[in-house]
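Containing PDB, C-alpha atoms, pLDDT in the B column: query_32.pdb.
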```pdb
ATOM      1  CA  MET Z   1      32.851 214.695  19.843  1.00 42.00           C
ATOM      2  CA  ALA Z   2      31.774 211.856  17.541  1.00 43.00           C
ATOM      3  CA  THR Z   3      28.264 211.799  16.189  1.00 46.00           C
ATOM      4  CA  GLU Z   4      26.241 208.928  14.835  1.00 46.00           C
ATOM      5  CA  LEU Z   5      26.978 210.223  11.321  1.00 47.00           C
ATOM      6  CA  ASP Z   6      30.738 209.713  11.773  1.00 49.00           C
ATOM      7  CA  ALA Z   7      30.683 205.962  11.248  1.00 44.00           C
ATOM      8  CA  PRO Z   8      28.798 204.486   8.304  1.00 50.00           C
ATOM      9  CA  PRO Z   9      26.697 201.409   8.952  1.00 52.00           C
ATOM     10  CA  LEU Z  10      27.771 198.109   7.497  1.00 73.00           C
ATOM     11  CA  LEU Z  11      26.918 198.824   3.879  1.00 74.00           C
ATOM     12  CA  ASP Z  12      29.826 196.900   2.377  1.00 74.00           C
ATOM     13  CA  PRO Z  13      27.686 193.887   1.353  1.00 81.00           C
ATOM     14  CA  LEU Z  14      25.393 196.261  -0.548  1.00 82.00           C
ATOM     15  CA  ILE Z  15      28.206 197.746  -2.642  1.00 84.00           C
ATOM     16  CA  HIS Z  16      29.053 195.731  -5.746  1.00 86.00           C
ATOM     17  CA  SER Z  17      31.783 196.067  -8.331  1.00 86.00           C
ATOM     18  CA  ILE Z  18      30.275 196.209 -11.829  1.00 87.00           C
ATOM     19  CA  ARG Z  19      31.982 197.503 -14.979  1.00 90.00           C
ATOM     20  CA  GLY Z  20      34.954 198.513 -12.875  1.00 86.00           C
ATOM     21  CA  GLN Z  21      32.862 200.795 -10.665  1.00 86.00           C
ATOM     22  CA  ARG Z  22      31.551 200.480  -7.134  1.00 86.00           C
ATOM     23  CA  VAL Z  23      27.754 200.659  -7.274  1.00 89.00           C
ATOM     24  CA  MET Z  24      24.593 200.040  -5.246  1.00 87.00           C
ATOM     25  CA  LEU Z  25      21.318 198.612  -6.530  1.00 90.00           C
ATOM     26  CA  ASP Z  26      18.208 200.756  -6.812  1.00 90.00           C
ATOM     27  CA  ALA Z  27      16.322 198.435  -4.435  1.00 89.00           C
ATOM     28  CA  ASP Z  28      19.045 198.672  -1.778  1.00 89.00           C
ATOM     29  CA  LEU Z  29      19.181 202.470  -2.005  1.00 89.00           C
ATOM     30  CA  ALA Z  30      15.377 202.677  -1.854  1.00 89.00           C
ATOM     31  CA  ARG Z  31      15.326 200.556   1.304  1.00 88.00           C
ATOM     32  CA  LEU Z  32      18.079 202.671   2.898  1.00 86.00           C
ATOM     33  CA  TYR Z  33      16.321 205.901   1.954  1.00 86.00           C
ATOM     34  CA  GLY Z  34      13.023 204.657   3.388  1.00 87.00           C
ATOM     35  CA  VAL Z  35      10.987 204.518   0.155  1.00 88.00           C
ATOM     36  CA  SER Z  36       9.696 201.740  -2.051  1.00 89.00           C
ATOM     37  CA  THR Z  37      11.772 200.709  -5.040  1.00 89.00           C
ATOM     38  CA  ARG Z  38       8.890 201.807  -7.245  1.00 90.00           C
ATOM     39  CA  ARG Z  39       8.819 205.324  -5.750  1.00 89.00           C
ATOM     40  CA  PHE Z  40      12.614 205.512  -5.924  1.00 91.00           C
ATOM     41  CA  ASN Z  41      12.634 204.576  -9.620  1.00 90.00           C
ATOM     42  CA  GLU Z  42       9.774 207.000 -10.381  1.00 91.00           C
ATOM     43  CA  ALA Z  43      11.764 209.868  -8.857  1.00 91.00           C
ATOM     44  CA  PHE Z  44      14.826 208.691 -10.761  1.00 91.00           C
ATOM     45  CA  ARG Z  45      12.926 208.637 -14.099  1.00 90.00           C
ATOM     46  CA  ARG Z  46      11.467 212.120 -13.488  1.00 90.00           C
ATOM     47  CA  ASN Z  47      14.975 213.462 -12.868  1.00 90.00           C
ATOM     48  CA  ARG Z  48      16.876 211.318 -15.385  1.00 88.00           C
ATOM     49  CA  SER Z  49      18.790 214.353 -16.727  1.00 88.00           C
ATOM     50  CA  ARG Z  50      20.570 214.632 -13.336  1.00 86.00           C
ATOM     51  CA  PHE Z  51      22.092 211.161 -13.732  1.00 89.00           C
ATOM     52  CA  PRO Z  52      24.774 210.941 -16.427  1.00 87.00           C
ATOM     53  CA  GLY Z  53      26.305 207.574 -17.301  1.00 85.00           C
ATOM     54  CA  ASP Z  54      28.945 207.823 -14.598  1.00 86.00           C
ATOM     55  CA  PHE Z  55      26.228 208.306 -11.932  1.00 89.00           C
ATOM     56  CA  SER Z  56      23.948 205.408 -12.867  1.00 89.00           C
ATOM     57  CA  PHE Z  57      23.389 202.711 -15.469  1.00 91.00           C
ATOM     58  CA  GLN Z  58      21.012 199.842 -16.043  1.00 89.00           C
ATOM     59  CA  LEU Z  59      22.415 196.340 -15.702  1.00 89.00           C
ATOM     60  CA  THR Z  60      22.549 194.094 -18.740  1.00 88.00           C
ATOM     61  CA  ALA Z  61      20.744 190.760 -18.543  1.00 87.00           C
ATOM     62  CA  GLU Z  62      24.105 189.014 -18.094  1.00 90.00           C
ATOM     63  CA  GLU Z  63      25.240 191.380 -15.322  1.00 89.00           C
ATOM     64  CA  TYR Z  64      21.898 190.986 -13.582  1.00 86.00           C
ATOM     65  CA  ALA Z  65      22.068 187.176 -13.747  1.00 86.00           C
ATOM     66  CA  ASN Z  66      25.654 187.223 -12.479  1.00 86.00           C
ATOM     67  CA  LEU Z  67      24.751 189.525  -9.606  1.00 83.00           C
ATOM     68  CA  ARG Z  68      21.759 187.361  -8.683  1.00 82.00           C
ATOM     69  CA  SER Z  69      23.916 184.229  -8.604  1.00 80.00           C
ATOM     70  CA  GLN Z  70      26.589 185.935  -6.467  1.00 76.00           C
ATOM     71  CA  THR Z  71      24.029 187.233  -4.017  1.00 67.00           C
ATOM     72  CA  ALA Z  72      22.112 183.960  -3.846  1.00 59.00           C
ATOM     73  CA  THR Z  73      25.252 182.142  -2.703  1.00 47.00           C
ATOM     74  CA  SER Z  74      25.904 184.701   0.024  1.00 49.00           C
ATOM     75  CA  SER Z  75      22.310 185.292   1.106  1.00 48.00           C
ATOM     76  CA  SER Z  76      22.664 183.024   4.104  1.00 41.00           C
ATOM     77  CA  ARG Z  77      25.372 185.327   5.488  1.00 43.00           C
ATOM     78  CA  HIS Z  78      23.664 188.665   4.844  1.00 46.00           C
ATOM     79  CA  ALA Z  79      20.256 189.532   6.212  1.00 44.00           C
ATOM     80  CA  ASP Z  80      19.064 193.110   6.315  1.00 43.00           C
ATOM     81  CA  SER Z  81      17.593 194.908   9.294  1.00 41.00           C
ATOM     82  CA  GLN Z  82      14.077 193.531   8.678  1.00 41.00           C
ATOM     83  CA  GLY Z  83      15.388 189.968   8.586  1.00 41.00           C
ATOM     84  CA  GLU Z  84      14.773 189.696   4.836  1.00 42.00           C
ATOM     85  CA  LYS Z  85      17.392 187.772   2.896  1.00 41.00           C
ATOM     86  CA  ARG Z  86      19.680 189.894   0.710  1.00 43.00           C
ATOM     87  CA  SER Z  87      18.885 187.834  -2.372  1.00 41.00           C
ATOM     88  CA  GLN Z  88      15.277 189.056  -2.321  1.00 44.00           C
ATOM     89  CA  SER Z  89      16.377 192.640  -2.932  1.00 46.00           C
ATOM     90  CA  VAL Z  90      18.337 191.539  -5.989  1.00 49.00           C
ATOM     91  CA  THR Z  91      15.844 189.094  -7.411  1.00 45.00           C
ATOM     92  CA  GLY Z  92      12.812 191.143  -6.468  1.00 47.00           C
ATOM     93  CA  SER Z  93      10.226 190.782  -3.786  1.00 47.00           C
ATOM     94  CA  SER Z  94       8.866 187.453  -2.716  1.00 51.00           C
ATOM     95  CA  HIS Z  95       5.654 188.423  -4.577  1.00 53.00           C
ATOM     96  CA  GLY Z  96       6.576 187.860  -8.206  1.00 56.00           C
ATOM     97  CA  GLY Z  97      10.013 189.405  -8.652  1.00 63.00           C
ATOM     98  CA  ARG Z  98      11.186 192.337 -10.739  1.00 71.00           C
ATOM     99  CA  ARG Z  99       9.765 193.115 -14.147  1.00 78.00           C
ATOM    100  CA  TYR Z 100      12.759 195.224 -15.237  1.00 82.00           C
ATOM    101  CA  ARG Z 101      16.503 194.946 -14.884  1.00 87.00           C
ATOM    102  CA  PRO Z 102      17.698 197.067 -11.961  1.00 89.00           C
ATOM    103  CA  TRP Z 103      19.546 200.336 -12.144  1.00 90.00           C
ATOM    104  CA  VAL Z 104      22.761 200.742 -10.184  1.00 91.00           C
ATOM    105  CA  PHE Z 105      24.182 203.946  -8.771  1.00 91.00           C
ATOM    106  CA  THR Z 106      27.746 205.063  -8.108  1.00 88.00           C
ATOM    107  CA  ALA Z 107      28.566 207.180  -5.052  1.00 85.00           C
ATOM    108  CA  HIS Z 108      27.680 210.335  -6.988  1.00 85.00           C
ATOM    109  CA  GLY Z 109      24.430 208.787  -8.197  1.00 88.00           C
ATOM    110  CA  ALA Z 110      23.500 207.668  -4.685  1.00 86.00           C
ATOM    111  CA  LEU Z 111      23.983 211.212  -3.396  1.00 83.00           C
ATOM    112  CA  MET Z 112      21.960 212.672  -6.272  1.00 85.00           C
ATOM    113  CA  ALA Z 113      19.194 210.130  -5.569  1.00 86.00           C
ATOM    114  CA  ALA Z 114      19.087 211.211  -1.936  1.00 83.00           C
ATOM    115  CA  ASN Z 115      18.695 214.804  -3.107  1.00 82.00           C
ATOM    116  CA  ILE Z 116      15.778 214.111  -5.453  1.00 83.00           C
ATOM    117  CA  LEU Z 117      13.796 212.129  -2.878  1.00 82.00           C
ATOM    118  CA  HIS Z 118      13.294 215.143  -0.585  1.00 73.00           C
ATOM    119  CA  SER Z 119      13.035 213.123   2.620  1.00 76.00           C
ATOM    120  CA  ASP Z 120      14.934 213.504   5.880  1.00 74.00           C
ATOM    121  CA  GLN Z 121      15.834 209.823   5.989  1.00 77.00           C
ATOM    122  CA  ALA Z 122      17.188 209.944   2.425  1.00 77.00           C
ATOM    123  CA  THR Z 123      19.338 212.948   3.327  1.00 70.00           C
ATOM    124  CA  ARG Z 124      20.688 211.300   6.489  1.00 73.00           C
ATOM    125  CA  MET Z 125      21.318 207.950   4.823  1.00 75.00           C
ATOM    126  CA  GLY Z 126      22.926 209.646   1.821  1.00 74.00           C
ATOM    127  CA  VAL Z 127      25.752 210.694   4.121  1.00 73.00           C
ATOM    128  CA  TYR Z 128      26.185 207.098   5.322  1.00 73.00           C
ATOM    129  CA  VAL Z 129      26.201 205.762   1.775  1.00 77.00           C
ATOM    130  CA  ILE Z 130      28.836 208.242   0.611  1.00 77.00           C
ATOM    131  CA  ARG Z 131      31.020 207.443   3.615  1.00 77.00           C
ATOM    132  CA  ALA Z 132      30.757 203.724   2.849  1.00 77.00           C
ATOM    133  CA  PHE Z 133      31.872 204.326  -0.740  1.00 77.00           C
ATOM    134  CA  VAL Z 134      34.763 206.514   0.442  1.00 79.00           C
ATOM    135  CA  ARG Z 135      35.848 203.947   3.042  1.00 79.00           C
ATOM    136  CA  LEU Z 136      35.869 201.172   0.438  1.00 78.00           C
ATOM    137  CA  ARG Z 137      37.891 203.359  -1.931  1.00 79.00           C
ATOM    138  CA  GLU Z 138      40.432 204.058   0.833  1.00 82.00           C
ATOM    139  CA  GLU Z 139      40.679 200.349   1.640  1.00 81.00           C
ATOM    140  CA  ILE Z 140      41.327 199.547  -2.012  1.00 78.00           C
ATOM    141  CA  VAL Z 141      44.069 202.180  -2.189  1.00 80.00           C
ATOM    142  CA  ALA Z 142      45.604 200.886   1.053  1.00 83.00           C
ATOM    143  CA  ASN Z 143      45.495 197.312  -0.241  1.00 81.00           C
ATOM    144  CA  ALA Z 144      47.137 198.390  -3.493  1.00 82.00           C
ATOM    145  CA  ALA Z 145      49.926 200.118  -1.547  1.00 83.00           C
ATOM    146  CA  ILE Z 146      50.437 197.012   0.582  1.00 86.00           C
ATOM    147  CA  LEU Z 147      50.537 194.777  -2.497  1.00 85.00           C
ATOM    148  CA  LYS Z 148      53.060 197.105  -4.156  1.00 87.00           C
ATOM    149  CA  ARG Z 149      55.287 197.019  -1.072  1.00 88.00           C
ATOM    150  CA  LEU Z 150      55.029 193.217  -0.873  1.00 89.00           C
ATOM    151  CA  ALA Z 151      56.068 192.982  -4.524  1.00 88.00           C
ATOM    152  CA  GLU Z 152      59.108 195.170  -3.792  1.00 90.00           C
ATOM    153  CA  ILE Z 153      60.048 192.978  -0.821  1.00 89.00           C
ATOM    154  CA  ASP Z 154      59.599 189.853  -2.940  1.00 88.00           C
ATOM    155  CA  ARG Z 155      61.814 191.299  -5.687  1.00 88.00           C
ATOM    156  CA  THR Z 156      64.485 192.223  -3.098  1.00 88.00           C
ATOM    157  CA  LEU Z 157      64.356 188.758  -1.568  1.00 87.00           C
ATOM    158  CA  LEU Z 158      64.787 187.159  -4.997  1.00 87.00           C
ATOM    159  CA  GLN Z 159      67.836 189.354  -5.657  1.00 87.00           C
ATOM    160  CA  HIS Z 160      69.299 188.454  -2.256  1.00 87.00           C
ATOM    161  CA  ASP Z 161      68.521 184.785  -2.841  1.00 88.00           C
ATOM    162  CA  SER Z 162      70.387 184.880  -6.152  1.00 86.00           C
ATOM    163  CA  ALA Z 163      73.356 186.718  -4.596  1.00 87.00           C
ATOM    164  CA  LEU Z 164      73.522 184.233  -1.690  1.00 88.00           C
ATOM    165  CA  ARG Z 165      73.410 181.305  -4.125  1.00 89.00           C
ATOM    166  CA  ASP Z 166      76.388 182.768  -6.059  1.00 89.00           C
ATOM    167  CA  ILE Z 167      78.345 183.316  -2.832  1.00 89.00           C
ATOM    168  CA  TYR Z 168      77.613 179.742  -1.738  1.00 87.00           C
ATOM    169  CA  ARG Z 169      78.861 178.339  -5.069  1.00 89.00           C
ATOM    170  CA  LYS Z 170      82.092 180.342  -4.737  1.00 88.00           C
ATOM    171  CA  LEU Z 171      82.623 179.320  -1.106  1.00 86.00           C
ATOM    172  CA  LEU Z 172      81.819 175.653  -1.630  1.00 86.00           C
ATOM    173  CA  PRO Z 173      85.311 174.728  -2.937  1.00 84.00           C
ATOM    174  CA  LEU Z 174      86.877 176.567   0.006  1.00 83.00           C
ATOM    175  CA  LEU Z 175      84.688 174.691   2.471  1.00 82.00           C
ATOM    176  CA  GLN Z 176      85.758 171.271   1.196  1.00 83.00           C
ATOM    177  CA  PRO Z 177      88.447 169.528   3.267  1.00 84.00           C
ATOM    178  CA  PRO Z 178      91.888 169.819   1.717  1.00 81.00           C
ATOM    179  CA  PRO Z 179      92.900 166.855  -0.410  1.00 81.00           C
ATOM    180  CA  ASP Z 180      95.122 164.272   1.234  1.00 82.00           C
ATOM    181  CA  PRO Z 181      98.789 164.847   0.454  1.00 82.00           C
ATOM    182  CA  PRO Z 182     100.303 162.200  -1.838  1.00 80.00           C
ATOM    183  CA  ARG Z 183     101.543 159.209   0.118  1.00 79.00           C
ATOM    184  CA  ARG Z 184     104.937 157.821  -0.311  1.00 75.00           C
ATOM    185  CA  GLY Z 185     104.961 154.265  -1.272  1.00 75.00           C
ATOM    186  CA  ILE Z 186     106.662 151.585   0.750  1.00 79.00           C
ATOM    187  CA  GLY Z 187     110.125 150.589  -0.235  1.00 76.00           C
ATOM    188  CA  PHE Z 188     112.964 152.150  -2.124  1.00 76.00           C
ATOM    189  CA  GLN Z 189     111.925 154.565  -4.791  1.00 72.00           C
ATOM    190  CA  THR Z 190     113.955 156.205  -7.430  1.00 74.00           C
ATOM    191  CA  SER Z 191     113.192 159.661  -8.628  1.00 70.00           C
ATOM    192  CA  HIS Z 192     112.319 158.298 -12.111  1.00 63.00           C
ATOM    193  CA  GLU Z 193     109.418 156.193 -11.054  1.00 51.00           C
TER
END
```

Before anything else, please render the file you have as structure tokens.
Amino acid sequence: MATELDAPPLLDPLIHSIRGQRVMLDADLARLYGVSTRRFNEAFRRNRSRFPGDFSFQLTAEEYANLRSQTATSSSRHADSQGEKRSQSVTGSSHGGRRYRPWVFTAHGALMAANILHSDQATRMGVYVIRAFVRLREEIVANAAILKRLAEIDRTLLQHDSALRDIYRKLLPLLQPPPDPPRRGIGFQTSHE
């Protein structure tokens, strides 16, 4: 029997690809886990030793600006459950914005963050977040397999195309109508002419 934990909510817009890793912003995780971004980051700082570089990292100014511009262009399509635009979670609240560049968390970091918050909602949502990361990873692998197969088909078609072109060139002289036989001229002809 399926439970509500079997299917992750639509978290795909909250997962970004930065430095070749799939990550979520601290503000998005805080909102999902039912705490303020400030409380989330305080718990994170107190337990910093639990978050190695492959669990979390702070965005550079350039990465942060790039993420803000990407999210601002898509904010009209993505509104969270409170009706707030997605760009506000990246750029900060509507009351002055962020003072520090955000931290981002990989799937492992998101699970560790749920564990340090000690709340029921964080524990429940941690499962959803991990499932969203896993689903995205599976989709990427499936897409890579499809692209590989399409490349093989394309290569095969090019080989067949080349082979068919060669066959056509060889058959073309055979498909031409035979040349007209030489006509005998009118009148008496000697064999020397």

Q: Could you pull out every residue with an atom within 12 Å of (28.8, 204.6, -2.6), file coordinates, counting only C-alpha atoms, and send them as a ChimeraX atom specification?
A: /Z:8,11-17,21-25,28-29,55-56,104-114,125-137

Q: Please measure the separation of CA of Leu117 (chain Z) and CA of Ala27 (chain Z), giving the value in Å to one decimal.
A: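 That distance, rounded to one decimal, is 14.0 Å.
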
Q: Would you mind listing what lies within 8 Å of Gln58 (chain Z) as a list in words, with all atoms listed in the file counted and same-chain residues fewer than 5 positions away left out?
A: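 Using all atoms listed in the file, the neighbours found are Arg101, Pro102, Trp103 and Val104 of chain Z.
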
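Contact shell of Gly34 (chain Z) at 9 Å (only C-alpha atoms; same-chain neighbours under 6 positions omitted): Ser119, Gln121 and Ala122 of chain Z.
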
Q. What does the distance between CA of Thr123 (chain Z) and CA of Gln70 (chain Z) come to in Å, to one decimal place?
A.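 Between these atoms lies a distance of 29.6 Å.
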
Q: Any chance you could resolve the PyMOL selection byres ((chain Z and resi 37) around 10) against this file and give the residues as a PyMOL selection string?
A: chain Z and resi 25-31+33-36+38-43+89+92+102

Q: Name the closest residue to Ile18 (chain Z) among the candidates Z:Asp54, Z:Asp154, Z:Asp120, Z:Glu63; distances are taken between atoms, counting only C-alpha atoms.
A: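 Result for the nearest residue to Ile18 (chain Z): Z:Glu63.
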
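Compared by their closest atoms to Phe51 (chain Z), and using all atoms listed in the file, the residues Z:Gly20, Z:Tyr100, Z:Leu164, Z:Ile116 rank with Z:Ile116 nearest.
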
Q.
So the first atom is CA of Asn47 (chain Z) and the second is CA of Leu67 (chain Z); what is the distance between them in Å, to one decimal place?
A.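 If I compute the distance from CA of Asn47 (chain Z) to CA of Leu67 (chain Z), I get 26.1 Å.
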
Produce region 165-193 of chain Z of the given structure as output with C-alpha atoms, as a PDB file, in the first residue's frame.
```pdb
ATOM      1  CA  ARG Z 165      25.009   5.928 -51.709  1.00  0.00           C
ATOM      2  CA  ASP Z 166      27.790   3.573 -52.921  1.00  0.00           C
ATOM      3  CA  ILE Z 167      25.236   1.016 -54.135  1.00  0.00           C
ATOM      4  CA  TYR Z 168      23.321   3.747 -55.974  1.00  0.00           C
ATOM      5  CA  ARG Z 169      26.496   4.958 -57.729  1.00  0.00           C
ATOM      6  CA  LYS Z 170      27.272   1.393 -58.849  1.00  0.00           C
ATOM      7  CA  LEU Z 171      23.713   0.746 -60.039  1.00  0.00           C
ATOM      8  CA  LEU Z 172      23.311   4.060 -61.833  1.00  0.00           C
ATOM      9  CA  PRO Z 173      25.128   2.935 -65.025  1.00  0.00           C
ATOM     10  CA  LEU Z 174      23.018  -0.232 -65.086  1.00  0.00           C
ATOM     11  CA  LEU Z 175      19.816   1.775 -64.756  1.00  0.00           C
ATOM     12  CA  GLN Z 176      20.585   3.961 -67.772  1.00  0.00           C
ATOM     13  CA  PRO Z 177      18.838   2.946 -71.008  1.00  0.00           C
ATOM     14  CA  PRO Z 178      21.118   1.041 -73.353  1.00  0.00           C
ATOM     15  CA  PRO Z 179      22.781   3.181 -75.997  1.00  0.00           C
ATOM     16  CA  ASP Z 180      21.173   3.191 -79.422  1.00  0.00           C
ATOM     17  CA  PRO Z 181      22.824   0.716 -81.774  1.00  0.00           C
ATOM     18  CA  PRO Z 182      24.815   2.360 -84.582  1.00  0.00           C
ATOM     19  CA  ARG Z 183      22.616   3.187 -87.547  1.00  0.00           C
ATOM     20  CA  ARG Z 184      23.482   2.204 -90.999  1.00  0.00           C
ATOM     21  CA  GLY Z 185      23.699   5.049 -93.329  1.00  0.00           C
ATOM     22  CA  ILE Z 186      21.598   5.344 -96.438  1.00  0.00           C
ATOM     23  CA  GLY Z 187      23.088   4.195 -99.665  1.00  0.00           C
ATOM     24  CA  PHE Z 188      25.816   1.843-100.710  1.00  0.00           C
ATOM     25  CA  GLN Z 189      28.622   1.515 -98.252  1.00  0.00           C
ATOM     26  CA  THR Z 190      31.908  -0.171 -98.613  1.00  0.00           C
ATOM     27  CA  SER Z 191      33.577  -1.854 -95.724  1.00  0.00           C
ATOM     28  CA  HIS Z 192      36.448   0.694 -95.853  1.00  0.00           C
ATOM     29  CA  GLU Z 193      34.394   3.722 -95.093  1.00  0.00           C
TER      30      GLU Z 193
END
```
